[in-house]
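Below is start_18.cif, holding mmCIF, C-alpha atoms.
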data_model
loop_
_atom_site.label_atom_id
_atom_site.label_comp_id
_atom_site.auth_asym_id
_atom_site.auth_seq_id
_atom_site.Cartn_x
_atom_site.Cartn_y
_atom_site.Cartn_z
CA MET O 20 48.32 -47.10 6.39
CA SER O 21 47.87 -48.82 9.73
CA ARG O 22 44.76 -47.92 11.69
CA PRO O 23 43.92 -48.53 15.34
CA GLN O 24 41.04 -50.90 15.96
CA SER O 25 39.65 -48.92 18.91
CA ALA O 26 40.02 -45.69 20.81
CA PRO O 27 42.62 -45.44 23.61
CA ASP O 28 41.87 -46.79 27.07
CA VAL O 29 39.59 -44.58 29.16
CA ASP O 30 40.51 -43.24 32.59
CA LEU O 31 37.30 -44.38 34.30
CA GLU O 32 37.86 -42.36 37.46
CA ALA O 33 38.43 -39.16 35.48
CA LEU O 34 35.36 -39.88 33.33
CA GLN O 35 33.19 -40.51 36.38
CA ALA O 36 34.39 -37.29 37.99
CA ALA O 37 33.69 -35.28 34.83
CA ALA O 38 30.29 -36.88 34.42
CA GLU O 39 29.34 -36.15 38.02
CA GLU O 40 30.44 -32.51 37.72
CA PHE O 41 28.39 -32.04 34.57
CA LEU O 42 25.32 -33.78 35.93
CA GLN O 43 25.42 -31.68 39.08
CA LEU O 44 25.52 -28.58 36.88
CA PHE O 45 22.69 -29.87 34.70
CA HIS O 46 20.41 -30.63 37.62
CA THR O 47 21.27 -27.38 39.41
CA GLU O 48 20.24 -25.34 36.38
CA ASN O 49 17.35 -27.67 35.50
CA PRO O 50 15.68 -28.50 38.82
CA ALA O 51 12.64 -30.01 37.07
CA ALA O 52 14.88 -32.78 35.70
CA GLY O 53 14.57 -34.78 38.90
CA SER O 54 17.12 -36.26 41.27
CA ALA O 55 20.77 -35.62 40.46
CA GLU O 56 21.81 -38.40 42.82
CA LEU O 57 19.75 -41.04 41.02
CA ARG O 58 21.04 -39.97 37.61
CA ILE O 59 24.66 -39.88 38.81
CA ALA O 60 24.31 -43.37 40.29
CA ALA O 61 22.90 -44.68 37.00
CA VAL O 62 25.73 -43.10 35.00
CA ARG O 63 28.33 -44.57 37.35
CA ARG O 64 26.89 -48.03 36.73
CA GLU O 65 26.86 -47.42 32.99
CA ILE O 66 30.50 -46.33 33.03
CA ASP O 67 31.49 -49.34 35.11
CA LEU O 68 29.81 -51.67 32.61
CA THR O 69 30.71 -50.02 29.30
CA GLY O 70 33.53 -47.54 29.90
CA THR O 71 31.31 -44.69 28.73
CA TYR O 72 27.77 -43.33 29.09
CA TRP O 73 25.02 -41.87 26.90
CA HIS O 74 23.69 -38.36 27.46
CA THR O 75 19.93 -37.96 27.54
CA PRO O 76 18.57 -35.65 24.82
CA ASP O 77 18.04 -32.90 27.41
CA GLU O 78 21.58 -33.30 28.72
CA LEU O 79 22.98 -33.08 25.20
CA VAL O 80 21.05 -29.88 24.44
CA PHE O 81 22.08 -28.30 27.74
CA GLY O 82 25.70 -29.38 27.34
CA ALA O 83 25.98 -27.97 23.81
CA ARG O 84 24.45 -24.66 24.85
CA VAL O 85 26.70 -24.34 27.88
CA ALA O 86 29.74 -25.13 25.71
CA TRP O 87 28.78 -22.05 23.67
CA ARG O 88 28.24 -20.11 26.90
CA ASN O 89 31.78 -21.06 27.94
CA ASN O 90 33.43 -20.41 24.56
CA GLU O 91 36.09 -17.87 25.52
CA ARG O 92 36.72 -16.80 21.92
CA CYS O 93 33.13 -15.96 21.05
CA ILE O 94 31.73 -12.46 21.53
CA GLY O 95 28.18 -13.46 20.52
CA ARG O 96 27.25 -15.59 23.52
CA LEU O 97 24.29 -13.51 24.62
CA TYR O 98 22.10 -15.87 22.59
CA TRP O 99 23.46 -19.15 23.97
CA ARG O 100 20.03 -20.35 25.08
CA SER O 101 18.73 -20.10 21.50
CA LEU O 102 21.20 -22.65 20.07
CA GLN O 103 19.32 -25.31 18.13
CA VAL O 104 20.80 -28.77 18.73
CA ARG O 105 20.55 -31.47 16.08
CA ASP O 106 21.00 -34.82 17.83
CA LEU O 107 22.73 -36.97 15.22
CA ARG O 108 24.61 -39.30 17.56
CA ASP O 109 23.47 -42.34 15.57
CA VAL O 110 25.23 -40.97 12.47
CA SER O 111 28.82 -42.14 11.96
CA THR O 112 29.48 -42.96 8.28
CA ALA O 113 31.27 -40.35 6.20
CA GLY O 114 28.53 -40.00 3.60
CA ASP O 115 25.81 -39.55 6.17
CA VAL O 116 27.88 -37.04 8.15
CA ALA O 117 28.46 -34.99 4.99
CA ALA O 118 24.78 -35.10 3.99
CA HIS O 119 23.71 -33.88 7.43
CA CYS O 120 26.33 -31.12 7.30
CA PHE O 121 24.78 -29.89 4.07
CA ASP O 122 21.35 -30.00 5.73
CA HIS O 123 22.83 -27.99 8.60
CA LEU O 124 23.92 -25.25 6.20
CA ARG O 125 20.45 -25.07 4.63
CA GLU O 126 18.59 -25.07 7.94
CA ALA O 127 20.93 -22.59 9.61
CA TYR O 128 20.66 -20.19 6.65
CA ASN O 129 16.88 -20.03 7.12
CA GLY O 130 16.27 -17.67 4.22
CA GLY O 131 18.90 -15.27 5.55
CA LYS O 132 17.64 -15.15 9.15
CA ILE O 133 20.57 -17.19 10.45
CA ARG O 134 19.78 -19.72 13.18
CA PRO O 135 22.46 -20.55 15.77
CA MET O 136 22.79 -24.31 15.35
CA ILE O 137 24.95 -27.32 16.20
CA SER O 138 24.91 -30.82 14.70
CA VAL O 139 26.26 -33.42 17.12
CA PHE O 140 27.47 -36.64 15.50
CA ALA O 141 28.56 -39.94 17.06
CA PRO O 142 30.73 -39.68 20.20
CA GLU O 143 34.10 -41.22 20.87
CA THR O 144 33.78 -44.46 22.86
CA PRO O 145 36.24 -47.10 24.16
CA THR O 146 35.30 -49.37 21.23
CA THR O 147 34.39 -46.96 18.41
CA ALA O 148 36.34 -44.02 17.03
CA ALA O 149 34.12 -41.06 16.16
CA PRO O 150 34.12 -39.36 12.73
CA ARG O 151 36.24 -36.27 12.13
CA ILE O 152 35.71 -33.26 9.87
CA TRP O 153 38.97 -31.84 8.54
CA ASN O 154 37.79 -28.42 7.35
CA GLU O 155 38.01 -25.50 9.79
CA GLN O 156 34.57 -24.42 8.59
CA LEU O 157 32.07 -26.28 6.43
CA ILE O 158 32.53 -23.60 3.77
CA ARG O 159 36.10 -22.55 2.98
CA TYR O 160 37.60 -21.10 -0.20
CA ALA O 161 40.48 -22.66 -2.09
CA GLY O 162 43.90 -21.05 -2.38
CA TYR O 163 46.11 -21.72 -5.42
CA ASP O 164 49.78 -21.19 -6.19
CA LEU O 165 49.98 -20.10 -9.82
CA PRO O 166 53.01 -19.93 -12.14
CA GLU O 167 55.51 -17.09 -11.76
CA GLY O 168 54.90 -16.78 -8.04
CA LYS O 169 51.32 -15.58 -8.38
CA ALA O 170 48.48 -16.78 -6.19
CA ILE O 171 44.70 -16.65 -6.20
CA GLY O 172 42.05 -17.40 -3.61
CA ASP O 173 42.49 -17.67 0.14
CA PRO O 174 46.20 -17.99 1.03
CA ARG O 175 45.29 -19.59 4.36
CA TYR O 176 44.20 -22.73 2.52
CA ARG O 177 46.81 -23.07 -0.21
CA SER O 178 48.42 -26.09 1.45
CA PHE O 179 45.02 -27.61 2.26
CA THR O 180 43.91 -27.09 -1.33
CA THR O 181 47.06 -28.75 -2.69
CA GLN O 182 46.48 -31.79 -0.49
CA LEU O 183 42.86 -32.12 -1.61
CA ILE O 184 43.89 -31.94 -5.26
CA GLN O 185 46.36 -34.73 -4.59
CA ARG O 186 43.51 -36.70 -3.02
CA GLY O 187 41.44 -36.36 -6.17
CA TRP O 188 39.59 -33.07 -5.97
CA ARG O 189 39.26 -31.35 -9.33
CA PRO O 190 39.14 -27.56 -9.06
CA PRO O 191 37.44 -25.49 -11.76
CA VAL O 192 39.22 -25.30 -15.11
CA SER O 193 39.75 -21.60 -14.47
CA PRO O 194 40.56 -21.26 -10.75
CA GLY O 195 38.80 -18.37 -9.03
CA ALA O 196 39.18 -16.37 -5.86
CA PHE O 197 36.14 -17.97 -4.22
CA ASP O 198 36.08 -21.64 -5.20
CA VAL O 199 34.39 -23.66 -2.45
CA LEU O 200 36.53 -26.51 -1.20
CA PRO O 201 35.06 -29.99 -0.74
CA LEU O 202 34.18 -31.21 2.73
CA VAL O 203 36.55 -33.85 4.10
CA VAL O 204 35.07 -36.39 6.51
CA GLU O 205 37.28 -39.11 7.96
CA THR O 206 36.20 -42.28 9.69
CA LEU O 207 38.19 -45.21 11.01
CA ALA O 208 36.61 -47.61 8.53
CA GLU O 209 36.62 -45.41 5.42
CA GLY O 210 39.58 -43.06 5.86
CA PRO O 211 39.29 -39.49 4.50
CA ARG O 212 36.52 -38.96 1.93
CA LEU O 213 35.85 -35.82 -0.10
CA PHE O 214 32.36 -34.44 -0.72
CA GLU O 215 31.47 -31.58 -3.03
CA LEU O 216 29.13 -29.09 -1.40
CA PRO O 217 25.84 -28.80 -3.32
CA SER O 218 24.99 -25.29 -4.51
CA SER O 219 21.80 -25.36 -2.42
CA ALA O 220 23.95 -25.51 0.74
CA VAL O 221 26.28 -22.64 -0.18
CA GLN O 222 24.62 -19.25 0.22
CA GLU O 223 26.89 -16.31 -0.59
CA VAL O 224 26.60 -12.52 -0.50
CA GLU O 225 28.05 -10.43 -3.32
CA LEU O 226 29.75 -7.36 -1.90
CA GLU O 227 29.06 -3.80 -2.93
CA HIS O 228 29.57 -0.41 -1.27
CA PRO O 229 26.77 2.04 -0.51
CA GLU O 230 28.71 5.01 -1.98
CA LEU O 231 31.55 3.63 -4.13
CA PRO O 232 30.09 2.28 -7.41
CA TRP O 233 33.37 0.68 -8.50
CA PHE O 234 33.44 -1.61 -5.45
CA ALA O 235 31.01 -4.13 -6.94
CA GLY O 236 33.40 -4.54 -9.88
CA LEU O 237 35.96 -6.16 -7.58
CA GLY O 238 33.86 -9.33 -7.72
CA LEU O 239 34.06 -9.96 -3.98
CA ARG O 240 31.71 -12.22 -2.08
CA TRP O 241 31.55 -14.23 1.11
CA HIS O 242 29.44 -17.07 2.42
CA ALA O 243 26.51 -16.40 4.72
CA VAL O 244 26.80 -19.03 7.46
CA PRO O 245 30.04 -19.44 9.47
CA VAL O 246 29.93 -23.09 10.62
CA ILE O 247 33.01 -23.99 12.67
CA SER O 248 33.57 -27.68 12.05
CA ASN O 249 36.85 -28.99 13.49
CA ASN O 250 36.34 -28.32 17.21
CA THR O 251 35.53 -31.17 19.59
CA LEU O 252 32.51 -30.74 21.82
CA VAL O 253 33.25 -32.14 25.29
CA ILE O 254 30.36 -32.68 27.69
CA GLY O 255 30.92 -34.37 31.03
CA GLY O 256 33.97 -36.26 29.81
CA ILE O 257 32.34 -37.46 26.57
CA SER O 258 33.95 -36.19 23.35
CA TYR O 259 32.09 -35.43 20.14
CA PRO O 260 34.84 -34.70 17.57
CA ALA O 261 32.33 -33.95 14.81
CA ALA O 262 30.02 -31.21 16.09
CA PRO O 263 29.84 -28.32 13.60
CA PHE O 264 28.20 -25.19 15.04
CA ASN O 265 27.39 -21.66 13.98
CA GLY O 266 26.11 -18.29 15.02
CA TRP O 267 26.10 -15.46 12.51
CA TYR O 268 28.91 -13.24 11.31
CA MET O 269 30.19 -10.11 12.95
CA GLY O 270 31.20 -7.86 10.07
CA THR O 271 34.84 -7.49 11.09
CA GLU O 272 35.37 -11.25 10.82
CA ILE O 273 34.90 -10.85 7.08
CA GLY O 274 36.03 -7.30 6.39
CA ALA O 275 38.92 -6.83 8.81
CA ARG O 276 40.16 -10.42 8.93
CA ASN O 277 39.18 -12.69 6.03
CA LEU O 278 39.38 -10.00 3.36
CA GLY O 279 41.67 -7.52 5.08
CA ASP O 280 44.45 -9.50 6.77
CA ASN O 281 47.79 -9.41 4.96
CA ASP O 282 48.02 -13.21 5.05
CA ARG O 283 44.48 -13.64 3.73
CA TYR O 284 42.96 -11.75 0.78
CA ALA O 285 44.93 -8.58 1.65
CA LEU O 286 42.55 -6.23 -0.16
CA VAL O 287 43.32 -3.06 1.80
CA PRO O 288 46.07 -1.70 -0.53
CA GLU O 289 43.97 -2.21 -3.66
CA ILE O 290 40.95 -0.53 -2.12
CA ALA O 291 43.10 2.37 -0.94
CA VAL O 292 44.45 2.93 -4.45
CA ARG O 293 40.97 2.77 -5.97
CA MET O 294 39.81 5.30 -3.37
CA GLY O 295 42.58 7.63 -4.50
CA LEU O 296 44.27 7.70 -1.09
CA ASP O 297 47.88 8.73 -0.56
CA THR O 298 49.65 5.44 0.14
CA SER O 299 53.15 6.90 0.12
CA ASP O 300 53.17 7.60 3.85
CA GLU O 301 51.70 5.46 6.64
CA ALA O 302 50.90 8.67 8.54
CA THR O 303 48.07 9.41 6.11
CA LEU O 304 46.30 6.42 7.72
CA TRP O 305 45.32 5.14 4.31
CA ARG O 306 45.15 1.59 5.65
CA ASP O 307 42.66 2.59 8.33
CA ARG O 308 40.47 4.54 5.93
CA ALA O 309 40.39 1.74 3.37
CA LEU O 310 39.71 -0.88 6.02
CA VAL O 311 36.71 1.04 7.33
CA GLU O 312 35.20 1.23 3.85
CA LEU O 313 35.80 -2.48 3.28
CA ASN O 314 33.90 -3.22 6.50
CA ARG O 315 31.13 -0.82 5.53
CA ALA O 316 30.74 -2.73 2.28
CA VAL O 317 30.39 -6.04 4.13
CA LEU O 318 27.73 -4.75 6.54
CA HIS O 319 25.84 -2.95 3.79
CA SER O 320 25.85 -5.96 1.47
CA TYR O 321 24.66 -8.49 4.04
CA ARG O 322 21.90 -6.21 5.26
CA SER O 323 20.81 -5.35 1.72
CA SER O 324 20.66 -9.09 0.97
CA GLY O 325 18.59 -9.82 4.06
CA VAL O 326 21.32 -11.95 5.68
CA SER O 327 21.91 -11.73 9.42
CA ILE O 328 25.07 -9.90 10.45
CA THR O 329 26.11 -7.65 13.32
CA ASP O 330 28.61 -4.82 13.70
CA HIS O 331 31.39 -4.84 16.28
CA HIS O 332 30.08 -1.90 18.31
CA THR O 333 26.63 -3.45 18.79
CA GLU O 334 28.02 -6.90 19.54
CA SER O 335 30.49 -5.52 22.08
CA ARG O 336 27.66 -3.94 24.03
CA ARG O 337 25.68 -7.17 23.82
CA PHE O 338 28.63 -9.13 25.16
CA LEU O 339 28.77 -6.94 28.26
CA ILE O 340 25.07 -7.63 28.80
CA HIS O 341 25.88 -11.34 28.64
CA LEU O 342 28.78 -10.84 31.05
CA GLU O 343 26.55 -9.02 33.54
CA ARG O 344 23.92 -11.76 33.35
CA GLU O 345 26.51 -14.44 34.00
CA GLU O 346 27.88 -12.54 36.99
CA ARG O 347 24.36 -12.11 38.41
CA ALA O 348 23.84 -15.87 38.02
CA GLY O 349 27.01 -16.48 40.04
CA ARG O 350 28.94 -17.88 37.11
CA THR O 351 32.32 -16.97 35.68
CA CYS O 352 32.43 -15.94 32.04
CA PRO O 353 35.65 -17.16 30.37
CA ALA O 354 36.89 -14.73 27.73
CA ASP O 355 40.08 -14.37 25.71
CA TRP O 356 40.73 -10.60 25.37
CA THR O 357 42.63 -11.10 22.12
CA TRP O 358 39.51 -12.64 20.54
CA ILE O 359 36.79 -10.62 22.25
CA VAL O 360 38.21 -7.22 21.31
CA PRO O 361 37.32 -6.51 17.65
CA PRO O 362 40.14 -6.12 15.09
CA LEU O 363 38.77 -2.72 14.04
CA SER O 364 38.47 0.33 16.36
CA GLY O 365 39.01 -1.87 19.40
CA SER O 366 39.46 1.01 21.84
CA GLN O 367 36.11 2.45 20.72
CA THR O 368 34.26 -0.63 21.98
CA PRO O 369 33.39 -1.21 25.65
CA VAL O 370 34.97 -4.68 25.69
CA PHE O 371 38.43 -3.13 25.29
CA HIS O 372 38.60 -1.42 28.67
CA ARG O 373 38.50 -4.34 31.08
CA TYR O 374 40.02 -7.66 32.05
CA TYR O 375 38.36 -11.06 31.76
CA ASP O 376 38.38 -14.40 33.53
CA ASP O 377 40.36 -16.85 31.37
CA ALA O 378 39.60 -19.92 33.49
CA ASN O 379 38.54 -22.95 31.46
CA ALA O 380 35.06 -24.25 32.19
CA GLY O 381 33.11 -27.22 30.96
CA PRO O 382 31.25 -28.21 28.86
CA SER O 383 33.47 -26.71 26.18
CA PHE O 384 34.76 -26.73 22.62
CA VAL O 385 38.38 -27.84 22.37
CA THR O 386 40.95 -28.51 19.69
CA ASP O 387 44.46 -29.90 19.49
CA PRO O 388 47.59 -29.21 17.40
CA GLU O 389 46.98 -32.12 15.02
CA THR O 390 43.42 -30.97 14.34
CA VAL O 391 44.60 -27.42 13.68
CA HIS O 392 47.33 -28.66 11.34
CA ARG O 393 44.90 -30.93 9.52
CA GLY O 394 42.50 -28.03 8.92
CA LEU O 395 45.27 -25.95 7.34
CA HIS O 396 47.46 -28.54 5.61
CA GLY O 397 45.27 -31.60 5.04
CA ALA O 398 47.43 -33.80 7.29
CA PRO O 399 47.99 -35.83 9.33
CA PRO O 400 44.95 -38.12 9.07
CA ALA O 401 43.23 -38.74 12.38
CA PHE O 402 43.53 -42.51 11.95
CA ARG O 403 46.84 -43.79 10.63
#

Starting from the file, lay out its structure as structure tokens.
Amino acid sequence: MSRPQSAPDVDLEALQAAAEEFLQLFHTENPAAGSAELRIAAVRREIDLTGTYWHTPDELVFGARVAWRNNERCIGRLYWRSLQVRDLRDVSTAGDVAAHCFDHLREAYNGGKIRPMISVFAPETPTTAAPRIWNEQLIRYAGYDLPEGKAIGDPRYRSFTTQLIQRGWRPPVSPGAFDVLPLVVETLAEGPRLFELPSSAVQEVELEHPELPWFAGLGLRWHAVPVISNNTLVIGGISYPAAPFNGWYMGTEIGARNLGDNDRYALVPEIAVRMGLDTSDEATLWRDRALVELNRAVLHSYRSSGVSITDHHTESRRFLIHLEREERAGRTCPADWTWIVPPLSGSQTPVFHRYYDDANAGPSFVTDPETVHRGLHGAPPAFR
């Protein structure tokens, strides 16, 4: 496998323009930071000499928080100022990246009181390619194709699971529905490496229903901390491809999507049957009734376990508070309607009945088709 010896050439003019735009924003919102002109002049000299520049710790924290503020797919941005930023820019080897990712999971879990957190690893430079994390989230469940056309686990990751097995991962002797996949970290020097997640880093909630005793017998569970790990953080023209970040779950992400979607665990029909619903006619709305109870189980279980979670009605109202604050501050608030509106009872939430600004703003989290494909299918490698 041939590997490039350095990152592609940098468009210095574009980098300088992006850096200046970011630094103007930083100093406008942080007037105590001193002269924007002096800092911009210093960064221009640094770019001229090295082809890149180094964010100060304060700039990195601000940039990461604003990237969350600008994340058009996230409904939970009201708390953007609370994001804890782990500055790990001196970390670039696969083993060290993985170890710090596991620390991230432990620290973000915080005994169930989930902390919004981001870990920022080494940036991309003209001479050094940054590490990449393949997994869409630090914790993902395996999906298996079994004999006779049967399947178990998360269908979204069947191809990814197959690739990791081919790369040496050994799944449990008896595959289960919630087997945690290894973390894949790739560097230019080491290629893709697989790391088993230690049990201390994987906190899960067993699901039960407040009124349906049989529900616990389904053996369902989900992990506590949703750490998105294959997006690139871009601040002022500098890219950080490995920058896993998390808030906490909104219940519908688990109940209506991960466990409810037909191309995921697809549990709605089974729950409907166990509830004794009439599934012979769609007009009985058996799907809707079963889906509501699945989501009730998720919210009940997380709260009973003392793990942070929010419901879609509460979070929708909070998002409009965030939107109003941004408008009062004279800022646009990018939002993708298809992501902001919850997948359950959308028209009953206040975010449904309005339009949003979809303009891209920086700093931001970005991805690309190869990264998306790699997170689902385990290919292509970033360096080849």

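If you apply the PyMOL selection byres ((chain O and resi 196-208) around 7) to this structure, you end up with Thr112, Ala113, Ala117, Ala148, Ala149, Pro150, Arg151, Ile152, Trp153, Asn154, Leu157, Ile158, Arg159, Tyr160, Ala161, Ile171, Gly172, Asp173, Gly195, Glu209, Gly210, Pro211, Arg212, Leu213, Phe214, Glu215, Leu216 and Phe402 of chain O.
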
For a cutoff of 12 Å around the file-coordinate point (29.6, -21.6, 20.3), which residues qualify once you count all atoms listed in the file? I'd like the result as a CSV table (one decimal) with C-alpha atoms, in the frame of the given file.
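What landed in part.csv:
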chain,number,residue,atom,x,y,z
O,82,GLY,CA,25.7,-29.4,27.3
O,83,ALA,CA,26.0,-28.0,23.8
O,84,ARG,CA,24.4,-24.7,24.8
O,85,VAL,CA,26.7,-24.3,27.9
O,86,ALA,CA,29.7,-25.1,25.7
O,87,TRP,CA,28.8,-22.0,23.7
O,88,ARG,CA,28.2,-20.1,26.9
O,89,ASN,CA,31.8,-21.1,27.9
O,90,ASN,CA,33.4,-20.4,24.6
O,91,GLU,CA,36.1,-17.9,25.5
O,92,ARG,CA,36.7,-16.8,21.9
O,93,CYS,CA,33.1,-16.0,21.0
O,94,ILE,CA,31.7,-12.5,21.5
O,95,GLY,CA,28.2,-13.5,20.5
O,96,ARG,CA,27.2,-15.6,23.5
O,97,LEU,CA,24.3,-13.5,24.6
O,98,TYR,CA,22.1,-15.9,22.6
O,99,TRP,CA,23.5,-19.2,24.0
O,100,ARG,CA,20.0,-20.4,25.1
O,101,SER,CA,18.7,-20.1,21.5
O,102,LEU,CA,21.2,-22.6,20.1
O,103,GLN,CA,19.3,-25.3,18.1
O,104,VAL,CA,20.8,-28.8,18.7
O,135,PRO,CA,22.5,-20.6,15.8
O,136,MET,CA,22.8,-24.3,15.4
O,137,ILE,CA,25.0,-27.3,16.2
O,138,SER,CA,24.9,-30.8,14.7
O,245,PRO,CA,30.0,-19.4,9.5
O,246,VAL,CA,29.9,-23.1,10.6
O,247,ILE,CA,33.0,-24.0,12.7
O,248,SER,CA,33.6,-27.7,12.0
O,250,ASN,CA,36.3,-28.3,17.2
O,251,THR,CA,35.5,-31.2,19.6
O,252,LEU,CA,32.5,-30.7,21.8
O,262,ALA,CA,30.0,-31.2,16.1
O,263,PRO,CA,29.8,-28.3,13.6
O,264,PHE,CA,28.2,-25.2,15.0
O,265,ASN,CA,27.4,-21.7,14.0
O,266,GLY,CA,26.1,-18.3,15.0
O,267,TRP,CA,26.1,-15.5,12.5
O,382,PRO,CA,31.2,-28.2,28.9
O,383,SER,CA,33.5,-26.7,26.2
O,384,PHE,CA,34.8,-26.7,22.6
O,385,VAL,CA,38.4,-27.8,22.4

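The nearest approach to Ile328 of chain O among the residues O:Phe140, O:Trp305, O:Phe371, O:Tyr128, with all atoms listed in the file taken into account, belongs to O:Tyr128.
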
Taking the file as I've supplied it (selection: the PyMOL selection byres ((chain O and resi 279) around 12)), which residues are included? Please answer as a PyMOL selection string.
chain O and resi 173+270-278+280-291+306-307+309-314+317+362-363

Target residues per the PyMOL selection byres ((chain O and resi 141) around 7), formatted as a PyMOL selection string
chain O and resi 107-111+139-140+142-143+149+259

All file atoms of segment 28-45 of chain O boxed axis-aligned, 3 Å per side, centre plus edges, as AutoDock Vina command-line options:
--center_x 32.3 --center_y -37.7 --center_z 33.1 --size_x 25.2 --size_y 24.2 --size_z 18.0

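Atom CA of Ser324 of chain O lies 10.2 Å from atom CA of Gly130 of chain O.
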
Just give me the gap between atom CA of Arg336 of chain O and atom CA of Phe81 of chain O in Å, one decimal is fine.
25.3 Å

Show which residues sit within 8 Å of Gly238 of chain O, as number ranges by chain. Count all atoms listed in the file, and ignore same-chain residues fewer than 2 positions away.
O: 225-226, 235-236, 240

Computed gap from atom CA of Leu57 of chain O to atom CA of Phe45 of chain O is 13.2 Å

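Using all atoms listed in the file, the smallest distance between any of O:Leu342, O:Ala261, O:Val370, O:Leu79 and Trp358 of chain O comes from O:Val370.
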
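Every protein, DNA or RNA residue with an atom at most 12 Å from His392 of chain O, where only C-alpha atoms count and chain neighbours fewer than 4 positions away do not, is listed here: Trp153, Asn154, Glu155, Arg175, Tyr176, Ser178, Phe179, Asn249, Thr386, Asp387, Pro388, His396, Gly397, Ala398, Pro399, Pro400 and Ala401 of chain O.
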
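Using all atoms listed in the file, the contacts of Ala243 of chain O at a cut-off of 7 Å, with sequence neighbours closer than 4 positions omitted, comprise O:Gln222, O:Glu223, O:Val224, O:Val326.
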
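Distance check against Leu339 of chain O using all atoms listed in the file: of O:Thr180, O:Thr75, O:Ser299, O:Thr368, the minimum falls on O:Thr368.
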
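If you measure from each of O:Arg186, O:Arg134, O:Arg308, O:His123 to Ser327 of chain O using all atoms listed in the file, the closest one turns out to be O:Arg134.
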
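Using only C-alpha atoms, the shortest contact distance between Pro232 of chain O and any of O:Ala51, O:Ala170, O:Ile340, O:Met294 is found at O:Met294.
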
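If you measure from each of O:Arg189, O:Ile359, O:Val221, O:Leu395 to Gly131 of chain O using only C-alpha atoms, the closest one turns out to be O:Val221.
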
Can you tell me which residues surround Asp330 of chain O at a distance of at most 9 Å, considering only C-alpha atoms, apart from same-chain residues fewer than 3 positions away, and format the answer as a list in words?
Tyr268, Met269, Gly270, Thr271, Leu318, Thr333, Glu334 and Ser335 of chain O

Contacts of Leu34 of chain O at 8 Å (all atoms listed in the file; same-chain gap of 3+ positions) as a VMD selection string:
chain O and resid 29 to 31 37 to 38 71 255 to 257
